[in-house]
>>> print(open('entry.cif').read())   # mmCIF, C-alpha atoms
data_start
loop_
_atom_site.label_atom_id
_atom_site.label_comp_id
_atom_site.auth_asym_id
_atom_site.auth_seq_id
_atom_site.Cartn_x
_atom_site.Cartn_y
_atom_site.Cartn_z
CA MET A 28 -15.44 -11.53 -14.05
CA ASP A 29 -17.23 -10.92 -17.35
CA LEU A 30 -19.67 -8.02 -17.53
CA ASP A 31 -22.36 -10.27 -19.01
CA HIS A 32 -22.73 -11.95 -15.62
CA LEU A 33 -23.94 -8.74 -14.00
CA GLU A 34 -27.64 -8.05 -13.52
CA LEU A 35 -27.64 -4.80 -15.46
CA ASN A 36 -29.58 -3.30 -18.33
CA PRO A 37 -27.85 -4.12 -21.66
CA ARG A 38 -27.72 -0.38 -22.34
CA ILE A 39 -25.57 0.12 -19.24
CA VAL A 40 -23.32 -2.83 -20.09
CA ALA A 41 -22.81 -1.44 -23.60
CA ALA A 42 -21.78 1.95 -22.17
CA ILE A 43 -19.25 0.24 -19.89
CA ARG A 44 -17.77 -1.71 -22.80
CA LYS A 45 -17.58 1.45 -24.90
CA ALA A 46 -15.46 2.96 -22.11
CA LYS A 47 -13.06 0.01 -22.62
CA LEU A 48 -13.70 -1.45 -19.18
CA ARG A 49 -13.61 -5.17 -19.81
CA SER A 50 -14.37 -6.74 -16.44
CA ALA A 51 -16.06 -6.11 -13.11
CA GLU A 52 -12.66 -5.78 -11.46
CA GLU A 53 -11.69 -2.96 -13.84
CA VAL A 54 -14.96 -1.17 -13.07
CA LEU A 55 -14.20 -1.18 -9.34
CA ARG A 56 -10.79 0.39 -9.95
CA VAL A 57 -12.50 3.53 -11.28
CA SER A 58 -14.08 6.10 -8.98
CA GLY A 59 -17.76 6.92 -9.30
CA PRO A 60 -17.24 10.36 -10.91
CA ASP A 61 -14.66 8.94 -13.35
CA LEU A 62 -16.98 6.07 -14.25
CA GLN A 63 -19.75 8.57 -15.00
CA ARG A 64 -17.39 10.65 -17.14
CA LEU A 65 -16.03 7.65 -19.09
CA THR A 66 -19.38 5.98 -19.74
CA GLY A 67 -21.72 8.96 -20.04
CA LEU A 68 -24.14 7.22 -17.67
CA SER A 69 -26.29 9.11 -15.21
CA GLY A 70 -25.42 9.25 -11.51
CA PRO A 71 -28.13 6.71 -10.53
CA ASP A 72 -26.96 4.34 -13.29
CA VAL A 73 -23.39 4.55 -12.02
CA GLN A 74 -24.58 3.68 -8.50
CA ARG A 75 -26.46 0.69 -9.90
CA VAL A 76 -23.29 -0.46 -11.64
CA LEU A 77 -21.16 -0.18 -8.52
CA ARG A 78 -23.74 -1.98 -6.38
CA ALA A 79 -24.13 -4.79 -8.92
CA VAL A 80 -20.37 -5.25 -9.32
CA SER A 81 -19.58 -5.22 -5.61
CA ALA A 82 -22.45 -7.58 -4.78
CA ARG A 83 -21.36 -10.01 -7.50
CA LEU A 84 -17.73 -10.02 -6.39
CA ARG A 85 -18.68 -10.51 -2.74
CA GLY A 86 -20.70 -13.57 -3.67
CA SER A 87 -24.07 -14.72 -2.48
CA SER A 88 -23.28 -14.60 1.26
CA VAL A 89 -23.52 -10.89 2.01
CA LEU A 90 -23.36 -9.41 5.47
CA THR A 91 -24.81 -5.97 6.06
CA GLY A 92 -24.05 -3.20 8.47
CA ALA A 93 -27.69 -3.32 9.58
CA GLY A 94 -27.48 -7.01 10.50
CA PRO A 95 -29.91 -9.73 9.35
CA ALA A 96 -33.44 -8.61 8.59
CA GLN A 97 -35.93 -10.17 10.98
CA GLY A 98 -39.54 -9.73 11.94
CA HIS A 99 -42.44 -7.79 10.49
CA GLY A 100 -41.47 -4.72 8.51
CA ALA A 101 -37.82 -5.69 8.20
CA ARG A 102 -36.25 -4.28 5.07
CA SER A 103 -34.90 -6.68 2.46
CA ASP A 104 -32.79 -4.03 0.74
CA ALA A 105 -30.48 -3.13 3.63
CA VAL A 106 -27.46 -1.23 2.38
CA PRO A 107 -24.30 -3.40 2.66
CA SER A 108 -21.24 -2.13 4.51
CA PRO A 109 -18.33 -3.38 2.33
CA ALA A 110 -15.61 -2.56 4.87
CA LEU A 111 -17.46 -4.45 7.60
CA ASP A 112 -18.17 -7.32 5.20
CA LEU A 113 -14.51 -7.75 4.35
CA HIS A 114 -13.48 -7.59 8.01
CA LEU A 115 -16.01 -10.22 9.08
CA GLN A 116 -15.22 -12.43 6.09
CA ARG A 117 -11.43 -12.19 6.40
CA ASP A 118 -11.16 -15.95 6.91
CA ARG A 119 -12.84 -16.50 3.54
CA PHE A 120 -10.55 -14.02 1.78
CA PRO A 121 -7.19 -14.30 3.56
CA GLU A 122 -5.22 -12.83 0.64
CA GLN A 123 -7.04 -9.50 1.10
CA HIS A 124 -5.79 -9.27 4.68
CA GLN A 125 -2.17 -10.23 4.17
CA ARG A 126 0.56 -7.78 5.04
CA LEU A 127 4.23 -7.62 4.14
CA SER A 128 6.39 -7.07 7.19
CA LEU A 129 9.00 -4.31 7.08
CA GLY A 130 11.25 -6.50 9.20
CA CYS A 131 10.74 -4.35 12.30
CA PRO A 132 7.88 -4.80 14.82
CA VAL A 133 7.73 -1.08 15.63
CA LEU A 134 7.29 -0.10 11.97
CA ASP A 135 4.83 -2.94 11.43
CA ARG A 136 2.67 -1.70 14.30
CA LEU A 137 2.64 1.77 12.77
CA LEU A 138 1.23 0.25 9.57
CA GLY A 139 -1.31 -2.02 11.22
CA GLY A 140 0.74 -5.17 10.68
CA GLY A 141 2.81 -4.22 7.65
CA LEU A 142 2.35 -3.03 4.08
CA PRO A 143 -0.98 -4.03 2.46
CA LEU A 144 -0.64 -6.19 -0.63
CA GLU A 145 -3.55 -4.54 -2.44
CA GLY A 146 -3.17 -1.10 -4.00
CA ILE A 147 -0.14 1.17 -4.32
CA THR A 148 1.97 2.21 -1.35
CA GLU A 149 4.11 5.30 -1.88
CA LEU A 150 7.14 6.23 0.19
CA ALA A 151 8.21 9.83 -0.34
CA GLY A 152 10.65 12.03 1.52
CA ARG A 153 13.55 14.43 1.34
CA SER A 154 17.07 13.33 0.39
CA SER A 155 18.89 11.07 2.88
CA ALA A 156 15.71 10.35 4.86
CA GLY A 157 16.17 6.59 4.41
CA LYS A 158 13.88 5.75 1.47
CA THR A 159 16.48 3.59 -0.29
CA GLN A 160 17.29 1.82 2.98
CA LEU A 161 13.63 0.87 3.45
CA ALA A 162 13.33 -0.25 -0.18
CA LEU A 163 16.36 -2.54 0.15
CA GLN A 164 15.04 -3.91 3.43
CA LEU A 165 11.71 -4.75 1.78
CA CYS A 166 13.56 -6.60 -1.00
CA LEU A 167 14.85 -8.94 1.70
CA ALA A 168 11.73 -9.03 3.90
CA VAL A 169 9.55 -10.27 1.04
CA GLN A 170 11.68 -13.41 0.73
CA PHE A 171 11.04 -14.66 4.27
CA PRO A 172 8.43 -17.37 4.89
CA ARG A 173 4.90 -16.20 5.53
CA GLN A 174 5.03 -17.08 9.23
CA TYR A 175 7.74 -14.43 9.57
CA GLY A 176 5.89 -11.72 7.67
CA GLY A 177 7.27 -12.44 4.19
CA LEU A 178 5.67 -13.74 1.02
CA GLU A 179 8.27 -16.37 0.01
CA ALA A 180 8.72 -14.32 -3.17
CA GLY A 181 11.23 -12.13 -4.99
CA ALA A 182 11.45 -8.42 -5.69
CA VAL A 183 11.92 -6.09 -8.65
CA TYR A 184 14.00 -3.00 -7.90
CA VAL A 185 13.76 -0.24 -10.53
CA CYS A 186 16.91 1.85 -10.07
CA THR A 187 16.89 5.43 -11.36
CA GLU A 188 20.33 6.35 -10.02
CA ASP A 189 23.73 5.88 -11.65
CA ALA A 190 24.58 2.77 -9.66
CA PHE A 191 22.57 0.28 -7.64
CA PRO A 192 23.66 0.27 -3.95
CA ASN A 193 24.90 -3.30 -4.12
CA LYS A 194 27.50 -2.89 -1.37
CA ARG A 195 24.82 -1.76 1.07
CA LEU A 196 22.54 -4.62 -0.03
CA GLN A 197 25.28 -7.16 0.68
CA GLN A 198 25.79 -5.63 4.12
CA LEU A 199 22.08 -5.94 4.88
CA ILE A 200 22.08 -9.57 3.73
CA ALA A 201 25.04 -10.41 5.96
CA LEU A 202 23.41 -8.76 9.00
CA GLN A 203 19.85 -10.10 8.57
CA PRO A 204 20.18 -12.43 11.59
CA ARG A 205 20.85 -9.36 13.74
CA LEU A 206 17.80 -7.51 12.41
CA ARG A 207 15.37 -10.42 12.16
CA THR A 208 15.48 -11.74 15.69
CA ASP A 209 11.91 -13.00 15.21
CA ALA A 210 13.16 -15.72 12.83
CA PRO A 211 15.48 -18.69 13.57
CA GLY A 212 19.10 -17.66 13.50
CA ASP A 213 20.04 -19.97 10.62
CA LEU A 214 17.07 -19.09 8.40
CA ALA A 215 18.59 -15.96 6.88
CA GLY A 216 21.69 -17.90 5.88
CA LYS A 217 19.57 -20.41 3.97
CA LEU A 218 17.61 -17.87 1.90
CA PRO A 219 19.09 -17.03 -1.53
CA PHE A 220 18.54 -13.30 -1.09
CA GLY A 221 20.82 -12.13 -3.90
CA ASP A 222 19.29 -14.50 -6.46
CA ARG A 223 15.72 -13.25 -5.96
CA ILE A 224 16.11 -9.53 -6.56
CA PHE A 225 15.74 -8.37 -10.18
CA ILE A 226 17.41 -5.00 -10.74
CA GLU A 227 16.42 -2.81 -13.68
CA HIS A 228 18.09 0.51 -14.49
CA VAL A 229 15.71 3.08 -15.98
CA ALA A 230 17.35 6.43 -16.60
CA THR A 231 14.20 8.23 -17.72
CA VAL A 232 11.93 7.49 -14.77
CA VAL A 233 10.91 10.46 -12.63
CA THR A 234 11.21 9.43 -9.00
CA GLU A 235 8.75 10.65 -6.36
CA ALA A 236 10.83 13.47 -4.95
CA VAL A 237 9.46 16.08 -2.60
CA GLU A 238 9.26 19.82 -2.93
CA GLU A 239 8.80 22.67 -0.51
CA ASP A 240 5.09 23.43 -0.37
CA ALA A 241 3.97 26.95 0.45
CA ALA A 242 0.55 25.67 1.51
CA PRO A 243 0.94 22.44 3.48
CA GLY A 244 -2.07 20.17 3.31
CA PRO A 245 -3.15 16.54 2.97
CA LEU A 246 -0.57 15.73 0.27
CA GLY A 247 2.38 16.00 2.63
CA ALA A 248 3.24 15.71 6.28
CA PRO A 249 1.06 17.84 8.58
CA GLY A 250 2.86 20.85 9.97
CA ALA A 251 5.66 20.65 7.40
CA ARG A 252 6.26 22.62 4.23
CA LEU A 253 6.95 19.44 2.31
CA ALA A 254 4.88 17.55 -0.26
CA PRO A 255 5.50 14.84 -2.89
CA ALA A 256 6.19 16.36 -6.28
CA LEU A 257 3.89 14.33 -8.56
CA GLY A 258 0.72 16.13 -7.47
CA ILE A 259 -2.93 15.35 -6.84
CA ALA A 260 -3.54 13.22 -9.95
CA TRP A 261 -0.93 10.70 -8.83
CA ALA A 262 -2.06 10.91 -5.19
CA ASN A 263 -5.53 9.74 -6.21
CA GLN A 264 -4.06 6.43 -7.40
CA LEU A 265 -2.57 5.55 -4.01
CA LEU A 266 -3.86 3.36 -1.23
CA LEU A 267 -1.20 4.40 1.28
CA ARG A 268 1.20 7.35 1.39
CA LEU A 269 4.18 7.33 3.75
CA MET A 270 6.44 10.32 4.29
CA ALA A 271 10.00 9.82 5.51
CA ASP A 272 11.61 12.94 6.93
CA ARG A 273 14.98 13.85 8.39
CA ARG A 274 16.01 16.96 10.24
CA ARG A 275 18.42 19.19 8.41
CA PRO A 276 21.85 19.80 10.00
CA GLU A 277 20.81 23.31 11.06
CA GLU A 278 17.79 21.80 12.85
CA ALA A 279 19.85 19.26 14.80
CA GLY A 280 19.13 20.77 18.19
CA LEU A 281 15.41 21.32 17.61
CA GLY A 282 12.15 19.49 17.25
CA PRO A 283 11.32 15.81 16.82
CA PRO A 284 13.72 12.85 16.46
CA ALA A 285 16.22 12.88 13.62
CA ARG A 286 14.20 10.58 11.32
CA THR A 287 10.41 10.21 11.28
CA LEU A 288 8.12 7.94 9.26
CA ARG A 289 4.58 9.29 8.96
CA VAL A 290 1.35 7.81 7.66
CA VAL A 291 -0.02 10.72 5.62
CA PHE A 292 -3.20 9.00 4.44
CA ALA A 293 -4.67 5.50 4.18
CA PRO A 294 -8.26 4.26 4.34
CA HIS A 295 -7.42 1.71 7.03
CA LEU A 296 -5.00 3.69 9.22
CA PRO A 297 -5.10 6.87 11.29
CA THR A 298 -2.59 9.64 10.68
CA SER A 299 0.34 8.66 12.87
CA SER A 300 4.12 8.59 12.98
CA CYS A 301 7.14 7.12 14.72
CA SER A 302 10.84 7.82 14.74
CA TYR A 303 13.37 5.39 13.30
CA THR A 304 17.08 4.89 12.88
CA VAL A 305 19.19 3.54 10.03
CA ASN A 306 21.68 1.02 11.40
CA PRO A 307 24.22 -1.32 9.77
CA GLU A 308 21.68 -4.17 9.94
CA GLY A 309 18.78 -2.11 8.59
CA VAL A 310 15.98 0.30 9.51
CA ARG A 311 14.55 0.05 13.01
CA GLY A 312 11.62 1.94 14.49
CA THR A 313 12.25 3.48 17.90
CA PRO A 314 10.01 1.90 20.59
CA GLY A 315 7.72 4.29 22.44
CA THR A 316 7.79 7.03 19.78
CA GLN A 317 4.55 6.27 17.91
CA SER A 318 2.11 9.15 17.97
CA GLY A 319 -1.06 10.02 16.16
#
>>> encode(input="entry.cif", output="structure tokens")
Amino acid sequence: MDLDHLELNPRIVAAIRKAKLRSAEEVLRVSGPDLQRLTGLSGPDVQRVLRAVSARLRGSSVLTGAGPAQGHGARSDAVPSPALDLHLQRDRFPEQHQRLSLGCPVLDRLLGGGLPLEGITELAGRSSAGKTQLALQLCLAVQFPRQYGGLEAGAVYVCTEDAFPNKRLQQLIALQPRLRTDAPGDLAGKLPFGDRIFIEHVATVVTEAVEEDAAPGPLGAPGARLAPALGIAWANQLLLRLMADRRRPEEAGLGPPARTLRVVFAPHLPTSSCSYTVNPEGVRGTPGTQSG
């Protein structure tokens, strides 16, 4: 949406353009403090911008957290509740409420129905926790029809290792009917899985590894001395952070299940976790282990 369509003072619009923000959508991708820093606008002006942009994108039919104004003395400037608006208007904006299934009902329940399509989801974790297994599984899950949690689409896999795990991918493809018992048995055999995954090798990419953290906090898993290595600047770009963990061999007789997937933070989910296993057919959450 063009900035000229917003009901804002031309001075404010000029400051936004000077900050090289070219549309209302780009404005909403910037936090309030960053918008103030980029544009040089005052705090009240920034709030006016955000209100104008969000109201314009929501359209003329706006629901408010206070409900409809009625009767004498009712306010006409009730403050909207965007989260409530989107929830109540989900039938009007179905694409904002779609989820991508992980191919396992236990893991999908942990994530409130699957991975959200908006924003960035990060999966971090120590070596051999199962990150690659989940990534390969998602490359197949996205190809299923929408009624089975997929998007009827392909996947791009950016490989930063010496060799792409093609042998494991072929095993997962062959065993999809065993994993995806929610879909007709012959459906997996009809999908051209191998033809819809684009693989790109990038040797210079820094993957999201984890490091031992002397001061555990919101970046990593609660109660663990483990945190993703890219830091707070990268964390601020995320919608959802997942942490995959696996007990070390010396910890085999102690603590929680061998592998655990944890929701570290997300605006739409509570902090929670469940255990999972990596099997020949794919990654499965363990029923009855969700906590949070």
>>> residues_around(input="entry.cif", residues="range 140-153 of chain A", least_positions_apart="5", cutoff="6 Å", atoms="all atoms listed in the file", output="list in words")
Arg126, Leu127, Ser128, Asp135, Val237, Leu265, Leu266, Leu267, Arg268, Leu269, Met270, Ala271 and Asp272 of chain A
>>> closest_residue(input="entry.cif", among="A:Pro192, A:Pro297, A:Pro211, A:Pro60", to="Thr159 in chain A", atoms="only C-alpha atoms")
A:Pro192
>>> residues_near_point(input="entry.cif", point="(15.3, -12.5, 0.6)", cutoff="12 Å", atoms="only C-alpha atoms", output="CSV table (one decimal) with C-alpha atoms, in the frame of the given file")
chain,number,residue,atom,x,y,z
A,130,GLY,CA,11.2,-6.5,9.2
A,163,LEU,CA,16.4,-2.5,0.2
A,164,GLN,CA,15.0,-3.9,3.4
A,165,LEU,CA,11.7,-4.8,1.8
A,166,CYS,CA,13.6,-6.6,-1.0
A,167,LEU,CA,14.8,-8.9,1.7
A,168,ALA,CA,11.7,-9.0,3.9
A,169,VAL,CA,9.6,-10.3,1.0
A,170,GLN,CA,11.7,-13.4,0.7
A,171,PHE,CA,11.0,-14.7,4.3
A,172,PRO,CA,8.4,-17.4,4.9
A,175,TYR,CA,7.7,-14.4,9.6
A,176,GLY,CA,5.9,-11.7,7.7
A,177,GLY,CA,7.3,-12.4,4.2
A,178,LEU,CA,5.7,-13.7,1.0
A,179,GLU,CA,8.3,-16.4,0.0
A,180,ALA,CA,8.7,-14.3,-3.2
A,181,GLY,CA,11.2,-12.1,-5.0
A,182,ALA,CA,11.4,-8.4,-5.7
A,183,VAL,CA,11.9,-6.1,-8.6
A,196,LEU,CA,22.5,-4.6,0.0
A,197,GLN,CA,25.3,-7.2,0.7
A,199,LEU,CA,22.1,-5.9,4.9
A,200,ILE,CA,22.1,-9.6,3.7
A,201,ALA,CA,25.0,-10.4,6.0
A,203,GLN,CA,19.8,-10.1,8.6
A,207,ARG,CA,15.4,-10.4,12.2
A,214,LEU,CA,17.1,-19.1,8.4
A,215,ALA,CA,18.6,-16.0,6.9
A,216,GLY,CA,21.7,-17.9,5.9
A,217,LYS,CA,19.6,-20.4,4.0
A,218,LEU,CA,17.6,-17.9,1.9
A,219,PRO,CA,19.1,-17.0,-1.5
A,220,PHE,CA,18.5,-13.3,-1.1
A,221,GLY,CA,20.8,-12.1,-3.9
A,222,ASP,CA,19.3,-14.5,-6.5
A,223,ARG,CA,15.7,-13.2,-6.0
A,224,ILE,CA,16.1,-9.5,-6.6
A,225,PHE,CA,15.7,-8.4,-10.2
>>> residues_around(input="entry.cif", residues="range 73-75 of chain A", least_positions_apart="4", cutoff="7 Å", atoms="all atoms listed in the file", output="list in words")
Gly59, Leu62, Gln63, Leu68, Ser69 and Ala79 of chain A
>>> resolve_selection(input="entry.cif", expression="the PyMOL selection byres ((chain A and resi 298) around 12)", output="MDAnalysis selection string")
chainID A and resid 137:139 245 247:249 267:270 288:297 299:301 317:319
>>> atom_distance(input="entry.cif", atom1="CA of Leu134 in chain A", atom2="CA of Gly312 in chain A")
5.4 Å
>>> atom_distance(input="entry.cif", atom1="CA of Ser154 in chain A", atom2="CA of Cys186 in chain A")
15.5 Å
>>> axis_aligned_box(input="entry.cif", around="range 51-69 of chain A", padding_each_side="8 Å", output="JSON")
{"center_x": -18.5, "center_y": 2.3, "center_z": -14.5, "size_x": 31.5, "size_y": 32.8, "size_z": 27.1}
>>> atom_distance(input="entry.cif", atom1="CA of Val310 in chain A", atom2="CA of Ala210 in chain A")
16.6 Å
>>> closest_residue(input="entry.cif", among="A:Leu77, A:Arg286, A:Val229, A:Ala254", to="Ala190 in chain A", atoms="all atoms listed in the file")
A:Val229
>>> closest_residue(input="entry.cif", among="A:Val305, A:Leu35, A:Leu253, A:Leu30", to="Arg195 in chain A", atoms="all atoms listed in the file")
A:Val305
>>> closest_residue(input="entry.cif", among="A:Pro255, A:Ala82, A:Arg273, A:Ile39", to="Ser155 in chain A", atoms="all atoms listed in the file")
A:Arg273
>>> closest_residue(input="entry.cif", among="A:Arg311, A:Arg136, A:Thr187, A:Gly70", to="Leu161 in chain A", atoms="all atoms listed in the file")
A:Arg311
>>> closest_residue(input="entry.cif", among="A:Thr287, A:Ser58, A:Ser81, A:Thr316", to="Leu33 in chain A", atoms="only C-alpha atoms")
A:Ser81
